[in-house]
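File shown: work14.cif. Contents: mmCIF, C-alpha atoms and all ligand atoms.
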data_data
#
loop_
_atom_site.label_atom_id
_atom_site.label_comp_id
_atom_site.auth_asym_id
_atom_site.auth_seq_id
_atom_site.Cartn_x
_atom_site.Cartn_y
_atom_site.Cartn_z
CA MET A 30 0.00 0.00 0.00
CA ALA A 31 1.42 3.44 -0.95
CA GLU A 32 2.03 5.60 2.09
CA TYR A 33 -1.15 7.22 3.28
CA ASP A 34 -0.96 11.00 3.51
CA PHE A 35 -4.17 12.68 4.65
CA LYS A 36 -2.78 16.07 3.53
CA ASP A 37 -2.17 15.03 -0.09
CA LEU A 38 -5.49 16.46 -1.30
CA ALA A 39 -4.93 15.62 -4.98
CA ALA A 40 -4.61 11.89 -4.22
CA PHE A 41 -8.22 11.61 -3.00
CA LYS A 42 -11.01 10.96 -5.52
CA GLY A 43 -14.64 9.83 -5.42
CA VAL A 44 -17.66 10.22 -3.16
CA TRP A 45 -18.27 7.31 -0.79
CA VAL A 46 -21.38 6.45 1.12
CA PHE A 47 -21.34 4.10 4.07
CA CYS A 48 -24.43 1.97 3.37
CA GLU A 49 -25.90 0.80 6.63
CA GLN A 50 -27.60 -2.55 7.11
CA ARG A 51 -29.36 -4.02 10.07
CA GLY A 52 -30.26 -7.68 10.24
CA GLY A 53 -29.12 -8.07 6.63
CA LYS A 54 -31.54 -5.40 5.37
CA LEU A 55 -30.27 -2.14 3.92
CA MET A 56 -31.58 1.04 5.55
CA PRO A 57 -33.70 3.49 3.47
CA THR A 58 -31.24 6.28 4.35
CA ASN A 59 -28.73 4.69 1.97
CA GLU A 60 -30.90 5.54 -1.03
CA GLU A 61 -31.12 9.20 0.00
CA LEU A 62 -27.38 9.40 0.63
CA ILE A 63 -26.46 7.69 -2.65
CA SER A 64 -28.78 10.11 -4.51
CA GLU A 65 -27.10 13.09 -2.82
CA ALA A 66 -23.64 11.60 -3.41
CA ARG A 67 -24.51 11.34 -7.12
CA ARG A 68 -25.35 15.05 -7.22
CA LEU A 69 -22.08 15.96 -5.50
CA ALA A 70 -19.95 13.53 -7.51
CA ASP A 71 -21.32 14.98 -10.76
CA GLN A 72 -20.04 18.38 -9.63
CA LEU A 73 -16.57 16.82 -9.21
CA SER A 74 -16.83 14.52 -12.27
CA GLU A 75 -16.01 11.64 -9.97
CA GLU A 76 -17.64 8.32 -9.12
CA VAL A 77 -20.08 7.34 -6.37
CA VAL A 78 -19.09 4.32 -4.34
CA GLY A 79 -21.31 2.56 -1.80
CA VAL A 80 -19.49 0.76 1.00
CA VAL A 81 -21.46 -2.22 2.26
CA LEU A 82 -20.39 -4.29 5.25
CA GLY A 83 -22.34 -7.28 6.53
CA GLY A 84 -22.73 -11.03 6.70
CA ALA A 85 -23.04 -13.42 3.77
CA GLY A 86 -25.39 -12.23 1.02
CA ILE A 87 -25.39 -8.50 1.84
CA GLY A 88 -23.80 -7.73 -1.54
CA LYS A 89 -26.85 -9.08 -3.36
CA GLU A 90 -29.14 -6.82 -1.31
CA ALA A 91 -27.00 -3.80 -2.14
CA LYS A 92 -27.23 -4.03 -5.94
CA VAL A 93 -30.32 -1.82 -5.84
CA LEU A 94 -28.09 1.12 -4.87
CA GLY A 95 -26.94 1.43 -8.48
CA GLY A 96 -30.47 2.49 -9.39
CA PHE A 97 -30.12 5.54 -7.14
CA GLY A 98 -26.77 6.63 -8.57
CA ALA A 99 -23.95 4.43 -7.25
CA ASP A 100 -21.36 3.58 -9.92
CA LYS A 101 -19.80 0.92 -7.76
CA ILE A 102 -20.25 -0.88 -4.46
CA LEU A 103 -17.46 -2.27 -2.30
CA VAL A 104 -18.83 -5.33 -0.55
CA CYS A 105 -17.17 -6.76 2.55
CA GLU A 106 -18.91 -9.91 3.74
CA ASP A 107 -17.83 -11.68 6.91
CA PRO A 108 -19.69 -13.26 9.86
CA LEU A 109 -17.87 -10.73 12.10
CA LEU A 110 -19.51 -7.89 10.15
CA ASP A 111 -23.02 -9.30 10.32
CA VAL A 112 -23.95 -7.24 13.38
CA TYR A 113 -22.48 -3.75 13.72
CA THR A 114 -19.63 -3.28 16.18
CA THR A 115 -17.62 -0.07 16.35
CA ASP A 116 -14.27 -1.89 16.31
CA ALA A 117 -14.90 -4.17 13.35
CA TYR A 118 -16.54 -1.57 11.12
CA THR A 119 -13.92 1.06 11.96
CA LYS A 120 -11.06 -1.29 11.15
CA VAL A 121 -12.42 -2.43 7.81
CA ILE A 122 -13.46 1.05 6.62
CA VAL A 123 -10.24 2.75 7.76
CA ASP A 124 -8.24 0.16 5.82
CA LEU A 125 -10.41 0.68 2.71
CA VAL A 126 -10.10 4.47 2.91
CA LYS A 127 -6.32 4.28 3.29
CA GLU A 128 -6.14 1.96 0.29
CA GLN A 129 -8.53 3.75 -2.05
CA LYS A 130 -8.52 7.38 -0.82
CA PRO A 131 -12.03 8.78 -1.34
CA GLU A 132 -12.41 12.56 -1.41
CA VAL A 133 -15.75 12.60 0.45
CA VAL A 134 -17.33 10.10 2.86
CA LEU A 135 -21.02 10.43 3.72
CA ILE A 136 -22.64 8.54 6.59
CA GLY A 137 -26.27 8.63 7.79
CA ALA A 138 -26.73 10.39 11.13
CA THR A 139 -28.42 7.28 12.53
CA ASN A 140 -27.45 5.73 15.87
CA ILE A 141 -24.87 3.56 14.10
CA GLY A 142 -23.63 6.41 11.89
CA ARG A 143 -23.23 8.74 14.86
CA ASP A 144 -21.16 6.09 16.59
CA LEU A 145 -19.03 5.12 13.60
CA ALA A 146 -18.25 8.48 11.94
CA PRO A 147 -16.29 10.17 14.76
CA ARG A 148 -14.21 7.03 15.30
CA LEU A 149 -13.36 6.91 11.57
CA ALA A 150 -12.54 10.62 11.45
CA ALA A 151 -10.21 10.36 14.45
CA ARG A 152 -8.40 7.31 13.03
CA LEU A 153 -8.05 8.99 9.62
CA HIS A 154 -6.90 12.32 11.09
CA THR A 155 -9.53 14.27 9.23
CA GLY A 156 -12.54 16.47 9.94
CA LEU A 157 -16.17 15.49 10.33
CA THR A 158 -19.28 17.64 10.29
CA ALA A 159 -22.12 15.93 12.14
CA ASP A 160 -25.82 16.12 11.38
CA CYS A 161 -25.66 18.04 8.09
CA THR A 162 -28.88 19.20 6.48
CA HIS A 163 -27.38 20.62 3.27
CA LEU A 164 -24.26 19.88 1.19
CA ASP A 165 -22.59 21.64 -1.74
CA ILE A 166 -19.47 21.20 -3.82
CA ASP A 167 -20.26 23.66 -6.60
CA SER A 168 -19.79 27.16 -5.18
CA VAL A 169 -22.21 28.85 -7.61
CA GLY A 170 -24.98 26.61 -6.25
CA TYR A 171 -23.79 27.25 -2.70
CA VAL A 172 -24.00 31.03 -3.17
CA GLN A 173 -27.53 30.61 -4.55
CA PHE A 174 -28.44 28.48 -1.52
CA LEU A 175 -27.15 31.25 0.78
CA ARG A 176 -29.03 33.89 -1.22
CA ASP A 177 -32.28 31.90 -0.85
CA SER A 178 -31.94 30.86 2.77
CA SER A 179 -29.78 33.35 4.65
CA THR A 180 -29.59 37.03 5.49
CA LEU A 181 -26.00 37.42 4.23
CA ASP A 182 -25.65 40.51 2.04
CA GLU A 183 -24.38 40.57 -1.56
CA LYS A 184 -21.02 42.01 -0.46
CA ILE A 185 -20.27 38.86 1.55
CA LEU A 186 -21.72 36.56 -1.10
CA GLY A 187 -19.63 38.32 -3.76
CA GLY A 188 -16.46 37.48 -1.79
CA ILE A 189 -16.98 33.70 -2.07
CA ASP A 190 -14.54 31.97 -4.43
CA LEU A 191 -16.74 30.48 -7.15
CA GLU A 192 -13.98 28.07 -8.25
CA ASP A 193 -13.78 26.47 -4.80
CA LYS A 194 -14.62 22.75 -4.88
CA THR A 195 -14.37 21.82 -1.21
CA LEU A 196 -17.40 20.19 0.35
CA LYS A 197 -19.49 22.85 2.06
CA MET A 198 -21.35 21.16 4.89
CA THR A 199 -24.24 23.09 6.39
CA ARG A 200 -25.95 22.22 9.66
CA PRO A 201 -28.06 23.96 12.31
CA ALA A 202 -26.02 25.43 15.15
CA PHE A 203 -26.66 27.24 18.42
CA GLY A 204 -29.96 25.51 19.05
CA GLY A 205 -31.09 26.01 15.47
CA HIS A 206 -30.89 29.79 15.69
CA LEU A 207 -28.34 29.92 12.91
CA MET A 208 -26.95 27.68 10.20
CA ALA A 209 -23.21 27.02 10.09
CA THR A 210 -21.28 25.96 6.99
CA ILE A 211 -18.16 24.00 7.80
CA ILE A 212 -15.31 23.03 5.44
CA ILE A 213 -12.31 20.73 5.74
CA PRO A 214 -9.76 22.60 3.60
CA ARG A 215 -6.52 20.83 4.53
CA PHE A 216 -7.29 17.14 5.13
CA ARG A 217 -8.98 14.30 3.28
CA PRO A 218 -11.41 12.64 3.17
CA GLN A 219 -14.05 15.26 3.90
CA MET A 220 -16.53 13.51 6.19
CA ALA A 221 -20.13 14.32 7.01
CA THR A 222 -23.01 12.62 8.74
CA VAL A 223 -26.33 13.51 7.15
CA ARG A 224 -29.69 13.57 8.83
CA PRO A 225 -32.04 10.81 7.66
CA GLY A 226 -34.98 12.15 5.68
CA VAL A 227 -33.31 15.40 4.61
CA MET A 228 -31.83 14.51 1.22
CA LYS A 229 -34.19 13.80 -1.65
CA LYS A 230 -34.12 10.28 -3.03
CA ALA A 231 -33.61 10.11 -6.83
CA ALA A 232 -36.04 8.18 -9.02
CA PHE A 233 -34.93 4.55 -9.33
CA ASP A 234 -33.28 3.76 -12.68
CA GLN A 235 -33.13 0.05 -13.58
CA ALA A 236 -30.55 0.59 -16.35
CA LYS A 237 -28.18 2.19 -13.86
CA ALA A 238 -28.83 -0.60 -11.37
CA ASP A 239 -27.88 -3.12 -14.07
CA ALA A 240 -24.67 -1.20 -14.81
CA LEU A 241 -23.51 -1.22 -11.18
CA VAL A 242 -19.99 -2.54 -10.63
CA VAL A 243 -19.65 -4.82 -7.60
CA GLU A 244 -16.20 -5.18 -6.08
CA THR A 245 -15.13 -7.35 -3.17
CA PRO A 246 -11.91 -5.76 -1.90
CA ALA A 247 -9.47 -7.72 0.23
CA PHE A 248 -9.82 -6.93 3.93
CA SER A 249 -8.88 -8.52 7.20
CA ILE A 250 -10.84 -8.75 10.41
CA SER A 251 -10.44 -11.12 13.32
CA LYS A 252 -12.05 -11.63 16.70
CA ASP A 253 -9.00 -10.02 18.29
CA ASP A 254 -9.84 -6.72 16.55
CA ILE A 255 -13.20 -6.53 18.35
CA LYS A 256 -13.34 -5.64 22.01
CA THR A 257 -17.08 -6.03 22.43
CA GLU A 258 -19.39 -8.96 21.88
CA VAL A 259 -23.00 -8.56 20.80
CA LEU A 260 -24.89 -11.23 22.74
CA SER A 261 -28.31 -10.46 21.27
CA VAL A 262 -30.20 -7.67 19.58
CA GLU A 263 -33.49 -6.91 21.36
CA LYS A 264 -35.92 -4.89 19.27
CA ALA A 265 -38.33 -2.59 21.11
CA ALA A 266 -41.66 -4.37 21.30
CA LYS A 267 -43.44 -1.07 20.74
CA LYS A 268 -44.33 -0.17 17.17
CA LEU A 269 -42.74 3.20 16.43
CA VAL A 270 -44.43 5.68 14.12
CA ASP A 271 -42.78 5.89 10.67
CA LEU A 272 -42.71 9.65 10.16
CA ILE A 273 -39.93 9.68 7.58
CA GLY A 274 -41.71 7.33 5.19
CA ALA A 275 -45.17 8.88 5.73
CA ASP A 276 -47.03 10.55 2.88
CA ILE A 277 -49.44 12.43 5.13
CA ILE A 278 -48.70 13.67 8.65
CA VAL A 279 -51.17 15.23 11.08
CA SER A 280 -49.16 16.89 13.85
CA VAL A 281 -50.33 18.27 17.16
CA GLY A 282 -48.81 21.07 19.24
CA ARG A 283 -49.31 22.58 22.66
CA GLY A 284 -52.56 24.00 21.30
CA ILE A 285 -54.21 20.73 22.39
CA SER A 286 -53.48 21.51 26.06
CA LYS A 287 -57.07 22.15 27.13
CA ASP A 288 -58.01 18.56 26.18
CA VAL A 289 -54.86 16.56 25.45
CA ALA A 290 -56.53 13.17 24.96
CA GLY A 291 -59.26 14.75 22.81
CA GLY A 292 -56.71 16.63 20.68
CA ILE A 293 -54.62 13.52 20.03
CA LYS A 294 -57.78 11.55 19.21
CA LEU A 295 -58.76 14.17 16.65
CA ALA A 296 -55.32 13.99 15.03
CA GLU A 297 -55.49 10.18 14.99
CA ALA A 298 -58.93 10.25 13.40
CA LEU A 299 -57.79 12.70 10.72
CA ALA A 300 -54.61 10.69 10.07
CA GLU A 301 -56.57 7.46 9.79
CA GLU A 302 -59.12 8.98 7.41
CA LEU A 303 -56.31 10.33 5.20
CA GLY A 304 -54.09 7.23 5.45
CA GLY A 305 -51.42 9.14 7.36
CA VAL A 306 -49.66 9.12 10.72
CA VAL A 307 -49.58 11.39 13.77
CA GLY A 308 -46.63 13.70 14.46
CA SER A 309 -46.07 16.37 17.09
CA SER A 310 -44.06 19.35 18.18
CA ARG A 311 -41.44 18.97 20.88
CA ALA A 312 -43.65 20.76 23.41
CA VAL A 313 -46.07 17.83 23.22
CA VAL A 314 -43.25 15.30 23.72
CA ASP A 315 -41.68 17.30 26.55
CA SER A 316 -45.05 17.45 28.30
CA GLY A 317 -45.19 13.63 28.18
CA TRP A 318 -48.38 13.67 26.11
CA ILE A 319 -46.91 11.59 23.26
CA SER A 320 -43.79 9.41 22.75
CA PRO A 321 -40.59 10.97 21.33
CA ASP A 322 -40.76 9.00 18.05
CA HIS A 323 -43.58 11.38 17.00
CA GLN A 324 -41.47 14.54 17.24
CA VAL A 325 -40.89 16.57 14.09
CA GLY A 326 -38.17 19.21 13.97
CA GLN A 327 -34.56 19.99 14.54
CA THR A 328 -34.13 17.50 17.37
CA GLY A 329 -36.83 15.20 16.04
CA LYS A 330 -37.43 13.88 12.53
CA THR A 331 -37.06 15.77 9.25
CA VAL A 332 -40.04 14.98 7.04
CA HIS A 333 -41.24 15.90 3.59
CA PRO A 334 -44.70 14.36 3.16
CA THR A 335 -47.14 15.24 0.42
CA MET A 336 -49.30 16.92 3.08
CA TYR A 337 -48.49 18.15 6.59
CA ILE A 338 -51.34 19.27 8.82
CA ALA A 339 -50.27 21.30 11.88
CA LEU A 340 -52.87 21.55 14.64
CA GLY A 341 -52.10 24.08 17.38
CA ILE A 342 -48.40 24.39 16.51
CA SER A 343 -46.88 27.88 16.69
CA GLY A 344 -44.19 27.26 14.04
CA ALA A 345 -40.98 27.83 16.04
CA ILE A 346 -37.86 27.77 13.86
CA GLN A 347 -36.84 24.39 15.32
CA HIS A 348 -40.17 22.86 14.30
CA LEU A 349 -40.10 24.43 10.84
CA ALA A 350 -36.60 23.00 10.30
CA GLY A 351 -38.16 19.54 10.24
CA MET A 352 -41.27 20.10 8.12
CA GLN A 353 -41.09 23.17 5.92
CA GLU A 354 -40.05 21.06 2.90
CA SER A 355 -43.46 19.32 2.99
CA GLU A 356 -45.21 19.60 -0.37
CA PHE A 357 -48.43 21.04 1.02
CA ILE A 358 -48.91 22.50 4.50
CA VAL A 359 -52.22 23.10 6.26
CA ALA A 360 -52.03 25.00 9.57
CA VAL A 361 -54.77 25.46 12.16
CA ASN A 362 -53.99 28.00 14.86
CA LYS A 363 -56.13 30.41 16.83
CA ASN A 364 -53.48 33.14 16.67
CA ASP A 365 -53.42 34.80 13.25
CA THR A 366 -49.80 35.95 13.75
CA ALA A 367 -48.45 32.45 14.47
CA PRO A 368 -45.28 31.91 12.37
CA ILE A 369 -46.60 28.55 11.08
CA PHE A 370 -48.89 30.58 8.77
CA GLU A 371 -45.80 31.94 6.98
CA VAL A 372 -44.98 28.47 5.61
CA ALA A 373 -48.57 27.24 5.25
CA ASP A 374 -50.26 26.77 1.86
CA ILE A 375 -53.61 26.92 3.64
CA GLY A 376 -53.92 28.67 7.00
CA ILE A 377 -57.07 28.33 9.08
CA CYS A 378 -57.33 30.76 11.96
CA GLY A 379 -59.51 29.14 14.61
CA ASP A 380 -59.83 26.74 17.51
CA LEU A 381 -58.51 23.33 16.47
CA PHE A 382 -61.19 21.63 18.54
CA LYS A 383 -63.78 23.23 16.26
CA VAL A 384 -61.85 23.19 12.97
CA ALA A 385 -60.48 19.62 13.06
CA PRO A 386 -63.91 17.93 13.45
CA LEU A 387 -65.18 20.01 10.52
CA LEU A 388 -62.18 18.94 8.42
CA LEU A 389 -62.78 15.32 9.40
CA GLN A 390 -66.44 15.49 8.45
CA ALA A 391 -65.65 17.22 5.15
CA ILE A 392 -63.15 14.48 4.24
CA LYS A 393 -65.67 11.76 5.14
CA ASP A 394 -68.39 13.48 3.08
CA GLU A 395 -66.06 13.87 0.13
CA LYS A 396 -65.11 10.20 0.31
CA SER A 397 -68.68 8.95 0.53
CA ALA A 398 -69.71 11.27 -2.34
CA LYS A 399 -67.12 9.48 -4.48
C1 LIG A 401 -32.26 23.26 20.81
C2 LIG A 401 -33.73 23.21 20.59
C3 LIG A 401 -34.24 22.20 19.80
C4 LIG A 401 -35.62 22.12 19.57
N1 LIG A 401 -36.10 21.13 18.76
C5 LIG A 401 -37.43 21.11 18.47
C6 LIG A 401 -37.98 20.13 17.59
O1 LIG A 401 -37.29 19.24 17.10
N2 LIG A 401 -39.30 20.17 17.31
C7 LIG A 401 -40.14 21.11 17.85
O2 LIG A 401 -41.34 21.10 17.55
N3 LIG A 401 -39.65 22.03 18.70
C8 LIG A 401 -38.34 22.04 19.04
N4 LIG A 401 -37.87 22.96 19.93
C9 LIG A 401 -38.85 23.76 20.69
C10 LIG A 401 -39.39 24.94 19.91
O3 LIG A 401 -38.55 26.05 20.11
C11 LIG A 401 -40.80 25.29 20.42
O4 LIG A 401 -40.74 25.53 21.82
C12 LIG A 401 -41.84 24.22 20.15
O5 LIG A 401 -41.81 23.85 18.80
C13 LIG A 401 -43.23 24.79 20.50
O6 LIG A 401 -44.18 23.80 20.31
P1 LIG A 401 -45.69 24.21 19.98
O7 LIG A 401 -45.74 24.98 18.74
O8 LIG A 401 -46.46 22.96 20.08
O9 LIG A 401 -46.06 25.08 21.27
P2 LIG A 401 -46.30 26.62 21.42
O10 LIG A 401 -45.16 27.39 20.90
O11 LIG A 401 -46.69 26.84 22.83
O12 LIG A 401 -47.54 26.91 20.46
C14 LIG A 401 -48.81 26.46 20.67
C15 LIG A 401 -49.66 27.10 19.58
O13 LIG A 401 -50.98 26.61 19.68
C16 LIG A 401 -51.88 27.66 19.43
N5 LIG A 401 -53.13 27.28 20.10
C17 LIG A 401 -53.42 27.23 21.43
N6 LIG A 401 -54.65 26.75 21.63
C18 LIG A 401 -55.16 26.48 20.41
C19 LIG A 401 -56.42 25.96 19.96
N7 LIG A 401 -57.35 25.56 20.82
N8 LIG A 401 -56.62 25.85 18.64
C20 LIG A 401 -55.66 26.22 17.73
N9 LIG A 401 -54.46 26.72 18.11
C21 LIG A 401 -54.22 26.83 19.43
C22 LIG A 401 -51.22 28.89 19.99
O14 LIG A 401 -51.69 30.05 19.34
C23 LIG A 401 -49.75 28.61 19.67
O15 LIG A 401 -49.39 29.18 18.43
C24 LIG A 401 -36.51 23.06 20.17
C25 LIG A 401 -35.96 24.08 20.96
C26 LIG A 401 -34.61 24.16 21.18
C27 LIG A 401 -34.06 25.27 22.00
#

Once you've parsed the file, please lay out its structure as structure tokens.
Amino acid sequence: MAEYDFKDLAAFKGVWVFCEQRGGKLMPTNEELISEARRLADQLSEEVVGVVLGGAGIGKEAKVLGGFGADKILVCEDPLLDVYTTDAYTKVIVDLVKEQKPEVVLIGATNIGRDLAPRLAARLHTGLTADCTHLDIDSVGYVQFLRDSSTLDEKILGGIDLEDKTLKMTRPAFGGHLMATIIIPRFRPQMATVRPGVMKKAAFDQAKADALVVETPAFSISKDDIKTEVLSVEKAAKKLVDLIGADIIVSVGRGISKDVAGGIKLAEALAEELGGVVGSSRAVVDSGWISPDHQVGQTGKTVHPTMYIALGISGAIQHLAGMQESEFIVAVNKNDTAPIFEVADIGICGDLFKVAPLLLQAIKDEKSAK
């Protein structure tokens, strides 16, 4: 192996995605990350490589990733990689990175990704930006993103080097009150964890899936490399709400406080009628009225359903961060100056306990008329 120099920027090429699996099944986040990696790699004219670690047969599962934009997957199959352990995954990926020198490494900000990424970055002597919500390579696009989403003036925007091709990693900072863009100018690879649900998944392309190159690089892993032993994996018996995959979300906020059970029931009835699921603001979770898996927002889930209905939610910046990309937003709030109305396609000013039953009835009537 040629000597590894993390400061030799020109030696690093390609955009890698760590493709997570659990129980031999690939996680949906991989498809979002591969799609985003494709967009970034096109700006560098480089290839997208999915890195898949697991037990026997995981390579077959991963072929689908080509359809979302991967040119190649590196498949490492071994019984010791079947269940995630920090030691085993770190060893194998560090060795691969040192051998093949990718320019960018993207990892989902899942529980496993949040555990793995900092360990990799430390071993590789490079930087990592955690929990990114936006990525750019092309500086012209980055300036446009800043123009659309920030208050920076043209003088500052005009000073940005448009030829710069470092990865610009943007994430909420200071409790979501501002967005920070972080770069890794001197070391490679440039590493980022990316929030699940934030990046848009590309349309699946069978021809690209068929063209995917599958490589099985040499790697070594032994029991001695792993300091922990996974005795069993116990899944929570409780069924968690799938906000990220939901097409319609009916969310409740502190506005339900005068009748919490009644407010949640209304949301459940609306969600059921529309074939959706129930979400919430953090205030509702913090009050113990609903379980944390329902929370939408900066410290909850990022969602982009076809329709998001907000009942009694004020629209704090941290809530908006998780839902403002929804295709169509309906907000019900009794305060006509509530910030949620600024992002709503339809705003209904009124008491949710009066408005929601009317909405429910109207939907039922419409359905039976059909
Ligand atoms: C670091 C940090 C991270 C955070 N992360 C998140 C996050 O991930 N998600 C999140 O949601 N928040 C988050 N927050 C909290 C956020 O700042 C807000 O406090 C929270 O979103 C408020 O929730 P709410 O809109 O339900 O409550 P409120 O702000 O109290 O709003 C309740 C709304 O209901 C309306 N209302 C009251 N009664 C009725 C009625 N009968 N009918 C109709 N409308 C009614 C009121 O007019 C009001 O607008 C975070 C905060 C911090 C500091």

**Request:** Compute the distance from (-20.6, 6.4, 15.4) to each atom, counting all atoms listed in the file, keep the residues with any atom at most 12 Å away, and return them as a ChimeraX atom specification; use the coordinates of the file.
**Result:** /A:47,49,113-116,118-119,136-151,157,159-160,221-222

**Item:** Point-to-point distance in Å for CA of Ile166 in chain A and atom C2 of ligand LIG 401 (chain A)
**Value:** 28.3 Å

**Message:** Considering only C-alpha atoms and all ligand atoms, can you say which of A:Ile212, A:Ala247, A:Leu269, A:Leu207 comes closest to ligand LIG 401 (chain A)?
**Reply:** A:Leu207

I'd like a table as a tab-separated table: residues in chain A with an atom no more than 7 Å from ligand LIG 401 (chain A), each row giving the shortest atom pair and its distance in Å to one decimal, all atoms listed in the file counted, sorted by chain and rising residue number.
residue	atom	partner	partner_atom	distance
A:Gly204	CA	A:LIG401	C1	3.7
A:Gly205	CA	A:LIG401	C1	6.1
A:Val281	CA	A:LIG401	O8	6.7
A:Gly282	CA	A:LIG401	O8	3.1
A:Arg283	CA	A:LIG401	O8	3.9
A:Gly284	CA	A:LIG401	C17	3.3
A:Ile285	CA	A:LIG401	N7	6.0
A:Ser286	CA	A:LIG401	N6	7.0
A:Ser309	CA	A:LIG401	O2	6.7
A:Ser310	CA	A:LIG401	O2	3.3
A:Arg311	CA	A:LIG401	C7	3.9
A:Ala312	CA	A:LIG401	O6	4.4
A:Val313	CA	A:LIG401	O8	6.0
A:Gln324	CA	A:LIG401	N2	6.0
A:Val325	CA	A:LIG401	N2	5.1
A:Gly326	CA	A:LIG401	O1	3.3
A:Gln327	CA	A:LIG401	O1	3.8
A:Thr328	CA	A:LIG401	O1	3.6
A:Gly329	CA	A:LIG401	O1	4.2
A:Leu340	CA	A:LIG401	C20	6.3
A:Gly341	CA	A:LIG401	O13	3.6
A:Ile342	CA	A:LIG401	O7	3.5
A:Ser343	CA	A:LIG401	O15	3.3
A:Gly344	CA	A:LIG401	O7	5.4
A:Ala345	CA	A:LIG401	O5	4.9
A:Ile346	CA	A:LIG401	O3	6.5
A:Gln347	CA	A:LIG401	C5	4.6
A:His348	CA	A:LIG401	O2	3.9
A:Gly351	CA	A:LIG401	O1	6.9
A:Val361	CA	A:LIG401	C20	5.7
A:Asn362	CA	A:LIG401	N9	3.5
A:Lys363	CA	A:LIG401	N9	4.2
A:Asn364	CA	A:LIG401	O14	4.5
A:Ala367	CA	A:LIG401	O15	5.2
A:Gly379	CA	A:LIG401	C20	5.8
A:Asp380	CA	A:LIG401	N8	3.5
A:Leu381	CA	A:LIG401	N8	3.8
A:Phe382	CA	A:LIG401	N7	5.9

Write to file, as a compact mmCIF listing (two decimals), in the coordinates of the input, the residues of the selection just made, with C-alpha atoms.
# COMPACT_ATOMS: atom_id res chain seq x y z
CA GLY A 204 -29.96 25.51 19.05
CA GLY A 205 -31.09 26.01 15.47
CA VAL A 281 -50.33 18.27 17.16
CA GLY A 282 -48.81 21.07 19.24
CA ARG A 283 -49.31 22.58 22.66
CA GLY A 284 -52.56 24.00 21.30
CA ILE A 285 -54.21 20.73 22.39
CA SER A 286 -53.48 21.51 26.06
CA SER A 309 -46.07 16.37 17.09
CA SER A 310 -44.06 19.35 18.18
CA ARG A 311 -41.44 18.97 20.88
CA ALA A 312 -43.65 20.76 23.41
CA VAL A 313 -46.07 17.83 23.22
CA GLN A 324 -41.47 14.54 17.24
CA VAL A 325 -40.89 16.57 14.09
CA GLY A 326 -38.17 19.21 13.97
CA GLN A 327 -34.56 19.99 14.54
CA THR A 328 -34.13 17.50 17.37
CA GLY A 329 -36.83 15.20 16.04
CA LEU A 340 -52.87 21.55 14.64
CA GLY A 341 -52.10 24.08 17.38
CA ILE A 342 -48.40 24.39 16.51
CA SER A 343 -46.88 27.88 16.69
CA GLY A 344 -44.19 27.26 14.04
CA ALA A 345 -40.98 27.83 16.04
CA ILE A 346 -37.86 27.77 13.86
CA GLN A 347 -36.84 24.39 15.32
CA HIS A 348 -40.17 22.86 14.30
CA GLY A 351 -38.16 19.54 10.24
CA VAL A 361 -54.77 25.46 12.16
CA ASN A 362 -53.99 28.00 14.86
CA LYS A 363 -56.13 30.41 16.83
CA ASN A 364 -53.48 33.14 16.67
CA ALA A 367 -48.45 32.45 14.47
CA GLY A 379 -59.51 29.14 14.61
CA ASP A 380 -59.83 26.74 17.51
CA LEU A 381 -58.51 23.33 16.47
CA PHE A 382 -61.19 21.63 18.54

**Request:** Give the answer as one residue: which of A:Thr155, A:Glu106, A:Ile273, A:Gly79 has the shortest atom-to-atom distance to Met228 in chain A, using all atoms listed in the file?
**Result:** A:Ile273

**Between CA of Val223 in chain A and CA of Val242 in chain A - distance in Å to one decimal** = 24.8 Å

**Request:** Pick out the residues sitting within 10 Å of Glu356 in chain A, and hand them over as a list of chain:residue names; count only C-alpha atoms, and ignore anything fewer than 4 positions along from it in its own chain.
**Result:**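 These residues fall inside the cut-off: A:Asp276, A:Ile277, A:His333, A:Pro334, A:Thr335, A:Met336, A:Tyr337, A:Met352, A:Asp374.
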
**Request:** Mind checking which residues fall within 9 Å of Pro108 in chain A, counting all atoms listed in the file, ignoring those fewer than 3 positions away in the same chain, and posting them as a list in words?
**Result:** Gly83, Gly84, Ala85, Asp111 and Val112 of chain A

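You will find CA of Ser397 in chain A at 13.3 Å from CA of Leu303 in chain A.
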
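Residue nearest Pro201 in chain A within the list A:Thr180, A:Gln353, A:Thr162, A:Ser168: A:Thr162 [criterion: smallest interatomic distance, all atoms listed in the file].
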
**Request:** Tell me which of A:Ile392, A:Lys383, A:Ser316, A:Lys120 sits closest to Ile250 in chain A, counting all atoms listed in the file.
**Result:** A:Lys120

**Message:** My list of candidates is A:Asp322, A:Asp253, A:Asp182, A:Glu371. Which is closest to Leu272 in chain A when distances are computed with all atoms listed in the file?
**Reply:** A:Asp322

Expected axis-aligned box over every listed atom of range 209-221 of chain A, 8 Å added per side, centre plus edges in Å to one decimal, as AutoDock Vina command-line options:
--center_x -14.9 --center_y 19.8 --center_z 6.6 --size_x 32.7 --size_y 30.4 --size_z 22.9
